[in-house]
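Chemist: To start, I am sharing the structure in question, which I have written as structure tokens.
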Amino acid sequence: LAKTTQPISMDSYEGQEVNITCSHNNIATNDYITWYQQFPSQGPRFIIQGYKTKVTNEVASLFIPADRKSSTLSLPRVSLSDTAVYYCLVDLNTGGFKTIFGAGTRLFVKA
Amino acid sequence: DAGVIQSPRHEVTEMGQEVTLRCKPISGHNSLFWYRQTMMRGLELLIYFNNNVPIDDSGMPEDRFSAKMPNASFSTLKIQPSEPRDSAVYFCATSQGGELFFGEGSRLTVL
């Protein structure tokens, strides 16, 4: 399983764009990159997944360079409610394969 | 669909007692995961099932922990005997390929 490295914590202010970068130097050819969000007292929630280039949905964008050794989760115009822990995962997109969570990035959004 | 349903949401018990946590997966999801989350160790994968069969239980901390999935609609995680260090939030998650859907967790306190 590819190991991921991401910042332990980040601070931001409301209305700003937040970019969280994750390193996964030993990502395998068949691995996908997935991001989850976890609010206090809740289970993690899927945000976005990608394989290469750029993926965008109503919540975030995911940028993946050609070498796929890193990825950046971009949250446009964050609000206080975006304060959460964000996890970057790299694994096979099979659903039947174990999914390992790292420490995540704790994002604090201030008013 | 009501999502992944876990019970109980909260349990307080005394050391040495048996604890049983329950999970009802989303209908049609063929993979089920049990995670444990603590401040010190983060989100740890304990065991996962695919089509009701345990695939990898290497994360189960010791023999006091056991998990079963007798059918596609139900899974249990049992701790016998429980110890104070087992205090944590236990999450069940299910998948039908790729994205994990988490329950709201069972917060266990062992006194």
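FYI, nothing fancy with the structure tokens labels: chains A, B, ... in order, residues from 1 per chain, ligands from 1 as they appear.
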Could you please select, counting only C-alpha atoms, the residues of chain B within 7 Å of chain A and state them as a PyMOL selection string?

Modeler: chain B and resi 31+42-43+45+48+50+91+95-105

Chemist: Write a file of the selected residues as a PDB file, in the first residue's frame, keeping C-alpha atoms.

Modeler:
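File written: again39.pdb
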```
ATOM      1  CA  SER B  31     -17.403  -5.021   1.529  1.00  0.00           C
ATOM      2  CA  GLY B  42      -5.963   7.769  14.789  1.00  0.00           C
ATOM      3  CA  LEU B  43      -8.191   5.665  12.564  1.00  0.00           C
ATOM      4  CA  LEU B  45      -8.442  -0.682  10.326  1.00  0.00           C
ATOM      5  CA  TYR B  48     -12.558  -6.175   6.652  1.00  0.00           C
ATOM      6  CA  ASN B  50     -15.727  -9.138   1.326  1.00  0.00           C
ATOM      7  CA  PHE B  91     -16.697   2.764  13.065  1.00  0.00           C
ATOM      8  CA  SER B  95     -18.527  -0.248   0.094  1.00  0.00           C
ATOM      9  CA  GLN B  96     -19.601  -1.703  -3.205  1.00  0.00           C
ATOM     10  CA  GLY B  97     -16.454  -0.625  -4.954  1.00  0.00           C
ATOM     11  CA  GLY B  98     -14.243   2.347  -4.191  1.00  0.00           C
ATOM     12  CA  GLU B  99     -15.943   4.886  -1.930  1.00  0.00           C
ATOM     13  CA  LEU B 100     -16.439   3.952   1.724  1.00  0.00           C
ATOM     14  CA  PHE B 101     -19.623   4.874   3.555  1.00  0.00           C
ATOM     15  CA  PHE B 102     -19.192   5.188   7.302  1.00  0.00           C
ATOM     16  CA  GLY B 103     -21.673   4.787  10.094  1.00  0.00           C
ATOM     17  CA  GLU B 104     -21.903   7.317  12.898  1.00  0.00           C
ATOM     18  CA  GLY B 105     -19.758   5.179  15.156  1.00  0.00           C
TER      19      GLY B 105
END
```

Chemist: Can you tell me which residues surround region 62-76 of chain A at a distance of at most 6 Å, considering only C-alpha atoms, apart from same-chain residues fewer than 3 positions away, and format the answer as a short mmCIF file (atom, residue, chain, number, x, y, z; two decimals) with all heavy atoms, in the first residue's frame?

Modeler:
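Done, and the output landed in out-v8.cif:
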```
data_model
loop_
_atom_site.label_atom_id
_atom_site.label_comp_id
_atom_site.auth_asym_id
_atom_site.auth_seq_id
_atom_site.Cartn_x
_atom_site.Cartn_y
_atom_site.Cartn_z
N GLU A 17 -9.34 30.29 -0.38
CA GLU A 17 -9.16 28.98 -1.00
C GLU A 17 -8.09 28.23 -0.21
O GLU A 17 -7.06 28.78 0.15
CB GLU A 17 -8.71 29.13 -2.45
CG GLU A 17 -8.45 27.80 -3.15
CD GLU A 17 -7.91 27.99 -4.56
OE1 GLU A 17 -6.71 28.30 -4.69
OE2 GLU A 17 -8.69 27.84 -5.52
N VAL A 18 -8.35 26.98 0.06
CA VAL A 18 -7.40 26.16 0.81
C VAL A 18 -6.91 25.02 -0.07
O VAL A 18 -7.71 24.33 -0.71
CB VAL A 18 -8.06 25.58 2.08
CG1 VAL A 18 -7.13 24.56 2.74
CG2 VAL A 18 -8.39 26.70 3.07
N ASN A 19 -5.61 24.85 -0.10
CA ASN A 19 -5.00 23.76 -0.85
C ASN A 19 -4.22 22.85 0.10
O ASN A 19 -3.32 23.32 0.79
CB ASN A 19 -4.06 24.29 -1.93
CG ASN A 19 -4.79 25.11 -2.98
OD1 ASN A 19 -5.78 24.65 -3.53
ND2 ASN A 19 -4.33 26.32 -3.24
N ILE A 20 -4.56 21.60 0.12
CA ILE A 20 -3.88 20.63 0.97
C ILE A 20 -3.18 19.64 0.05
O ILE A 20 -3.82 18.97 -0.77
CB ILE A 20 -4.86 19.87 1.88
CG1 ILE A 20 -5.70 20.85 2.70
CG2 ILE A 20 -4.09 18.92 2.81
CD1 ILE A 20 -6.79 20.18 3.52
N THR A 21 -1.88 19.56 0.20
CA THR A 21 -1.09 18.69 -0.67
C THR A 21 -0.71 17.40 0.04
O THR A 21 -0.37 17.41 1.23
CB THR A 21 0.19 19.41 -1.14
OG1 THR A 21 -0.20 20.54 -1.92
CG2 THR A 21 1.04 18.48 -2.01
N CYS A 22 -0.78 16.33 -0.68
CA CYS A 22 -0.45 15.00 -0.16
C CYS A 22 0.64 14.39 -1.04
O CYS A 22 0.54 14.44 -2.27
CB CYS A 22 -1.71 14.14 -0.19
SG CYS A 22 -1.49 12.44 0.36
N SER A 23 1.65 13.84 -0.41
CA SER A 23 2.72 13.16 -1.14
C SER A 23 2.52 11.66 -1.09
O SER A 23 2.23 11.12 -0.02
CB SER A 23 4.09 13.52 -0.55
OG SER A 23 4.35 14.89 -0.67
N HIS A 24 2.67 11.02 -2.23
CA HIS A 24 2.56 9.55 -2.30
C HIS A 24 3.56 9.07 -3.34
O HIS A 24 3.18 8.70 -4.47
CB HIS A 24 1.13 9.10 -2.61
CG HIS A 24 0.31 10.09 -3.37
ND1 HIS A 24 0.40 10.26 -4.73
CD2 HIS A 24 -0.63 10.97 -2.94
CE1 HIS A 24 -0.46 11.19 -5.12
NE2 HIS A 24 -1.09 11.65 -4.05
N ASN A 25 4.83 9.09 -2.97
CA ASN A 25 5.91 8.83 -3.90
C ASN A 25 5.90 7.43 -4.51
O ASN A 25 6.40 7.24 -5.61
CB ASN A 25 7.26 9.09 -3.22
CG ASN A 25 7.48 10.57 -2.94
OD1 ASN A 25 7.15 11.41 -3.75
ND2 ASN A 25 8.03 10.87 -1.78
N LYS A 52 -5.76 10.77 -12.46
CA LYS A 52 -4.76 11.69 -13.00
C LYS A 52 -5.43 13.00 -13.41
O LYS A 52 -6.67 13.11 -13.42
CB LYS A 52 -4.03 11.06 -14.18
CG LYS A 52 -4.92 10.73 -15.36
CD LYS A 52 -4.12 10.10 -16.49
CE LYS A 52 -5.02 9.74 -17.66
NZ LYS A 52 -4.25 9.13 -18.78
N THR A 53 -4.64 13.98 -13.70
CA THR A 53 -5.02 15.34 -14.10
C THR A 53 -5.91 16.00 -13.06
O THR A 53 -5.54 16.12 -11.93
CB THR A 53 -5.67 15.35 -15.50
OG1 THR A 53 -6.88 14.60 -15.47
CG2 THR A 53 -4.72 14.75 -16.52
N LYS A 54 -7.08 16.45 -13.47
CA LYS A 54 -7.92 17.23 -12.56
C LYS A 54 -9.32 16.66 -12.50
O LYS A 54 -9.90 16.24 -13.50
CB LYS A 54 -7.97 18.68 -13.05
CG LYS A 54 -8.88 19.59 -12.22
CD LYS A 54 -8.94 20.99 -12.81
CE LYS A 54 -9.94 21.85 -12.06
NZ LYS A 54 -10.05 23.21 -12.65
N VAL A 55 -9.84 16.63 -11.29
CA VAL A 55 -11.22 16.22 -11.06
C VAL A 55 -11.90 17.31 -10.25
O VAL A 55 -11.30 17.84 -9.32
CB VAL A 55 -11.29 14.88 -10.29
CG1 VAL A 55 -12.73 14.47 -10.07
CG2 VAL A 55 -10.53 13.79 -11.04
#
```

Chemist: Could you name the residues that touch Glu11 (chain B) at 10 Å or less, counting only C-alpha atoms, but leaving out those on the same chain fewer than 6 positions away, as a list in words?

Modeler: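 After dropping sequence-adjacent residues, the list is Val19, Thr20, Leu21, Ser87, Ser106, Arg107, Leu108, Thr109 and Val110 of chain B.
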
Chemist: Generate a file of the selected residues that holds all heavy atoms, formatted as a compact mmCIF listing (two decimals), in the first residue's frame.

Modeler:
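Final output, part.txt:
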```txt
# COMPACT_ATOMS: atom_id res chain seq x y z
N VAL B 19 -18.44 -6.79 25.37
CA VAL B 19 -19.04 -5.71 24.59
C VAL B 19 -19.32 -6.23 23.18
O VAL B 19 -18.45 -6.86 22.57
CB VAL B 19 -18.09 -4.50 24.51
CG1 VAL B 19 -18.64 -3.45 23.56
CG2 VAL B 19 -17.84 -3.92 25.90
N THR B 20 -20.50 -5.96 22.69
CA THR B 20 -20.85 -6.32 21.32
C THR B 20 -21.33 -5.09 20.58
O THR B 20 -22.30 -4.45 20.99
CB THR B 20 -21.93 -7.41 21.28
OG1 THR B 20 -21.44 -8.58 21.94
CG2 THR B 20 -22.27 -7.76 19.84
N LEU B 21 -20.66 -4.78 19.51
CA LEU B 21 -21.03 -3.67 18.65
C LEU B 21 -21.61 -4.22 17.36
O LEU B 21 -21.14 -5.24 16.85
CB LEU B 21 -19.81 -2.80 18.34
CG LEU B 21 -19.01 -2.31 19.56
CD1 LEU B 21 -17.80 -1.51 19.11
CD2 LEU B 21 -19.88 -1.52 20.49
N SER B 87 -11.20 1.67 25.11
CA SER B 87 -12.06 2.85 24.97
C SER B 87 -11.69 3.59 23.69
O SER B 87 -10.53 3.94 23.47
CB SER B 87 -11.89 3.78 26.18
OG SER B 87 -12.30 3.13 27.37
N SER B 106 -19.68 3.95 17.19
CA SER B 106 -20.10 3.54 18.54
C SER B 106 -18.99 3.96 19.49
O SER B 106 -17.85 3.51 19.37
CB SER B 106 -20.27 2.01 18.62
OG SER B 106 -21.32 1.57 17.81
N ARG B 107 -19.34 4.87 20.39
CA ARG B 107 -18.34 5.36 21.35
C ARG B 107 -18.35 4.44 22.57
O ARG B 107 -19.35 4.36 23.29
CB ARG B 107 -18.64 6.79 21.76
CG ARG B 107 -17.62 7.36 22.76
CD ARG B 107 -17.88 8.82 23.05
NE ARG B 107 -17.71 9.65 21.88
CZ ARG B 107 -16.55 10.14 21.45
NH1 ARG B 107 -15.44 9.85 22.12
NH2 ARG B 107 -16.49 10.90 20.38
N LEU B 108 -17.23 3.77 22.79
CA LEU B 108 -17.10 2.82 23.89
C LEU B 108 -16.21 3.38 24.98
O LEU B 108 -15.10 3.85 24.70
CB LEU B 108 -16.51 1.50 23.39
CG LEU B 108 -16.16 0.47 24.45
CD1 LEU B 108 -17.41 -0.02 25.18
CD2 LEU B 108 -15.40 -0.70 23.84
N THR B 109 -16.71 3.33 26.20
CA THR B 109 -15.92 3.71 27.36
C THR B 109 -15.87 2.54 28.31
O THR B 109 -16.92 2.04 28.74
CB THR B 109 -16.53 4.93 28.08
OG1 THR B 109 -16.62 6.03 27.17
CG2 THR B 109 -15.67 5.33 29.27
N VAL B 110 -14.67 2.08 28.60
CA VAL B 110 -14.49 0.96 29.52
C VAL B 110 -13.85 1.50 30.79
O VAL B 110 -12.74 2.04 30.76
CB VAL B 110 -13.61 -0.14 28.91
CG1 VAL B 110 -13.50 -1.32 29.87
CG2 VAL B 110 -14.17 -0.61 27.58
```

Chemist: Hey, can you check how far CA of Thr83 (chain A) sits from CA of Tyr13 (chain A)?

Modeler: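 For CA of Thr83 (chain A) relative to CA of Tyr13 (chain A), the distance reads 10.3 Å.
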
Chemist: For Pro54 (chain B), list every protein, DNA or RNA residue within 10 Å, evaluated using only C-alpha atoms, and leave out those in the same chain fewer than 4 positions away; present the list as a PyMOL selection string.

Modeler: chain B and resi 31-33+47-50+67-69

Chemist: Could you pull the residues within 7 Å of Gln37 (chain B), counting only C-alpha atoms, minus those fewer than 3 positions along the same chain, as a PDB file with N, CA and C atoms, in the first residue's frame?

Modeler:
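Output contents, as saved in part13.pdb:
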```pdb
ATOM      1  N   ARG B  41      -3.909   7.014  18.323  1.00  0.00           N
ATOM      2  CA  ARG B  41      -3.577   6.126  17.216  1.00  0.00           C
ATOM      3  C   ARG B  41      -4.333   6.437  15.929  1.00  0.00           C
ATOM      4  N   GLY B  42      -5.222   7.411  15.990  1.00  0.00           N
ATOM      5  CA  GLY B  42      -5.963   7.769  14.789  1.00  0.00           C
ATOM      6  C   GLY B  42      -6.964   6.695  14.402  1.00  0.00           C
ATOM      7  N   LEU B  43      -7.194   6.586  13.102  1.00  0.00           N
ATOM      8  CA  LEU B  43      -8.191   5.665  12.564  1.00  0.00           C
ATOM      9  C   LEU B  43      -7.479   4.391  12.114  1.00  0.00           C
ATOM     10  N   GLU B  44      -7.737   3.309  12.831  1.00  0.00           N
ATOM     11  CA  GLU B  44      -7.074   2.037  12.561  1.00  0.00           C
ATOM     12  C   GLU B  44      -8.052   1.047  11.955  1.00  0.00           C
ATOM     13  N   ALA B  88     -12.688   3.804  22.853  1.00  0.00           N
ATOM     14  CA  ALA B  88     -12.461   4.409  21.536  1.00  0.00           C
ATOM     15  C   ALA B  88     -13.808   4.577  20.850  1.00  0.00           C
ATOM     16  N   VAL B  89     -13.760   5.161  19.660  1.00  0.00           N
ATOM     17  CA  VAL B  89     -14.939   5.170  18.791  1.00  0.00           C
ATOM     18  C   VAL B  89     -14.712   4.104  17.730  1.00  0.00           C
ATOM     19  N   TYR B  90     -15.655   3.224  17.590  1.00  0.00           N
ATOM     20  CA  TYR B  90     -15.570   2.137  16.622  1.00  0.00           C
ATOM     21  C   TYR B  90     -16.505   2.444  15.457  1.00  0.00           C
TER      22      TYR B  90
END
```

Chemist: Report the residues of chain B whose backbone DSSP state falls under strand (DSSP E), written as a ChimeraX atom specification.

Modeler: /B:5-7,10-13,19-24,31-38,42-50,53-56,65-71,74-79,88-95,101-102,106-110

Chemist: Name all residues at most 7 Å from Arg64 (chain B) (count only C-alpha atoms; drop same-chain ones fewer than 2 positions away) and give them as a PDB file with all heavy atoms, in the first residue's frame.

Modeler:
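The file below, out.pdb, is the result:
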```
ATOM      1  N   GLU B  62      -5.871  -8.090  19.434  1.00  0.00           N
ATOM      2  CA  GLU B  62      -5.545  -9.315  20.166  1.00  0.00           C
ATOM      3  C   GLU B  62      -6.762 -10.240  20.180  1.00  0.00           C
ATOM      4  O   GLU B  62      -7.812  -9.908  19.650  1.00  0.00           O
ATOM      5  CB  GLU B  62      -5.083  -8.990  21.579  1.00  0.00           C
ATOM      6  CG  GLU B  62      -5.979  -8.026  22.328  1.00  0.00           C
ATOM      7  CD  GLU B  62      -5.289  -7.433  23.551  1.00  0.00           C
ATOM      8  OE1 GLU B  62      -5.305  -8.079  24.605  1.00  0.00           O
ATOM      9  OE2 GLU B  62      -4.745  -6.314  23.425  1.00  0.00           O
ATOM     10  N   SER B  66     -13.084 -10.086  18.352  1.00  0.00           N
ATOM     11  CA  SER B  66     -13.536 -10.981  17.297  1.00  0.00           C
ATOM     12  C   SER B  66     -14.631 -10.292  16.496  1.00  0.00           C
ATOM     13  O   SER B  66     -15.354  -9.448  17.027  1.00  0.00           O
ATOM     14  CB  SER B  66     -14.063 -12.301  17.885  1.00  0.00           C
ATOM     15  OG  SER B  66     -15.178 -12.066  18.714  1.00  0.00           O
ATOM     16  N   ILE B  79     -15.807  -7.671  21.961  1.00  0.00           N
ATOM     17  CA  ILE B  79     -14.612  -7.564  22.800  1.00  0.00           C
ATOM     18  C   ILE B  79     -14.919  -8.286  24.103  1.00  0.00           C
ATOM     19  O   ILE B  79     -15.867  -7.966  24.814  1.00  0.00           O
ATOM     20  CB  ILE B  79     -14.259  -6.089  23.113  1.00  0.00           C
ATOM     21  CG1 ILE B  79     -14.186  -5.266  21.831  1.00  0.00           C
ATOM     22  CG2 ILE B  79     -12.927  -6.025  23.859  1.00  0.00           C
ATOM     23  CD1 ILE B  79     -14.033  -3.769  22.075  1.00  0.00           C
ATOM     24  N   GLN B  80     -14.125  -9.308  24.397  1.00  0.00           N
ATOM     25  CA  GLN B  80     -14.346 -10.100  25.598  1.00  0.00           C
ATOM     26  C   GLN B  80     -13.024 -10.668  26.100  1.00  0.00           C
ATOM     27  O   GLN B  80     -12.418 -11.474  25.400  1.00  0.00           O
ATOM     28  CB  GLN B  80     -15.331 -11.237  25.302  1.00  0.00           C
ATOM     29  CG  GLN B  80     -15.435 -12.318  26.368  1.00  0.00           C
ATOM     30  CD  GLN B  80     -15.925 -11.833  27.719  1.00  0.00           C
ATOM     31  OE1 GLN B  80     -16.506 -10.757  27.827  1.00  0.00           O
ATOM     32  NE2 GLN B  80     -15.683 -12.590  28.761  1.00  0.00           N
ATOM     33  N   PRO B  81     -12.578 -10.299  27.287  1.00  0.00           N
ATOM     34  CA  PRO B  81     -13.117  -9.267  28.162  1.00  0.00           C
ATOM     35  C   PRO B  81     -12.627  -7.876  27.762  1.00  0.00           C
ATOM     36  O   PRO B  81     -11.543  -7.732  27.207  1.00  0.00           O
ATOM     37  CB  PRO B  81     -12.532  -9.659  29.519  1.00  0.00           C
ATOM     38  CG  PRO B  81     -11.202 -10.266  29.166  1.00  0.00           C
ATOM     39  CD  PRO B  81     -11.411 -10.978  27.852  1.00  0.00           C
TER      40      PRO B  81
END
```

Chemist: Can you tell me how far CA of Pro61 (chain B) sits from CA of Pro25 (chain B), in Å to one decimal?

Modeler: 23.0 Å

Chemist: CA of Leu80 (chain A) and CA of Gln16 (chain A) are how many Å apart?

Modeler: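 Computed distance, CA of Leu80 (chain A) to CA of Gln16 (chain A), equals 10.9 Å.
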
Chemist: What's the 8 Å shell around Glu14 (chain B), counting only C-alpha atoms, without same-chain residues fewer than 3 positions away, as a list in words?

Modeler: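 Listing them by chain and then by number gives Gln17, Ser82, Glu83, Val110 and Leu111 of chain B.
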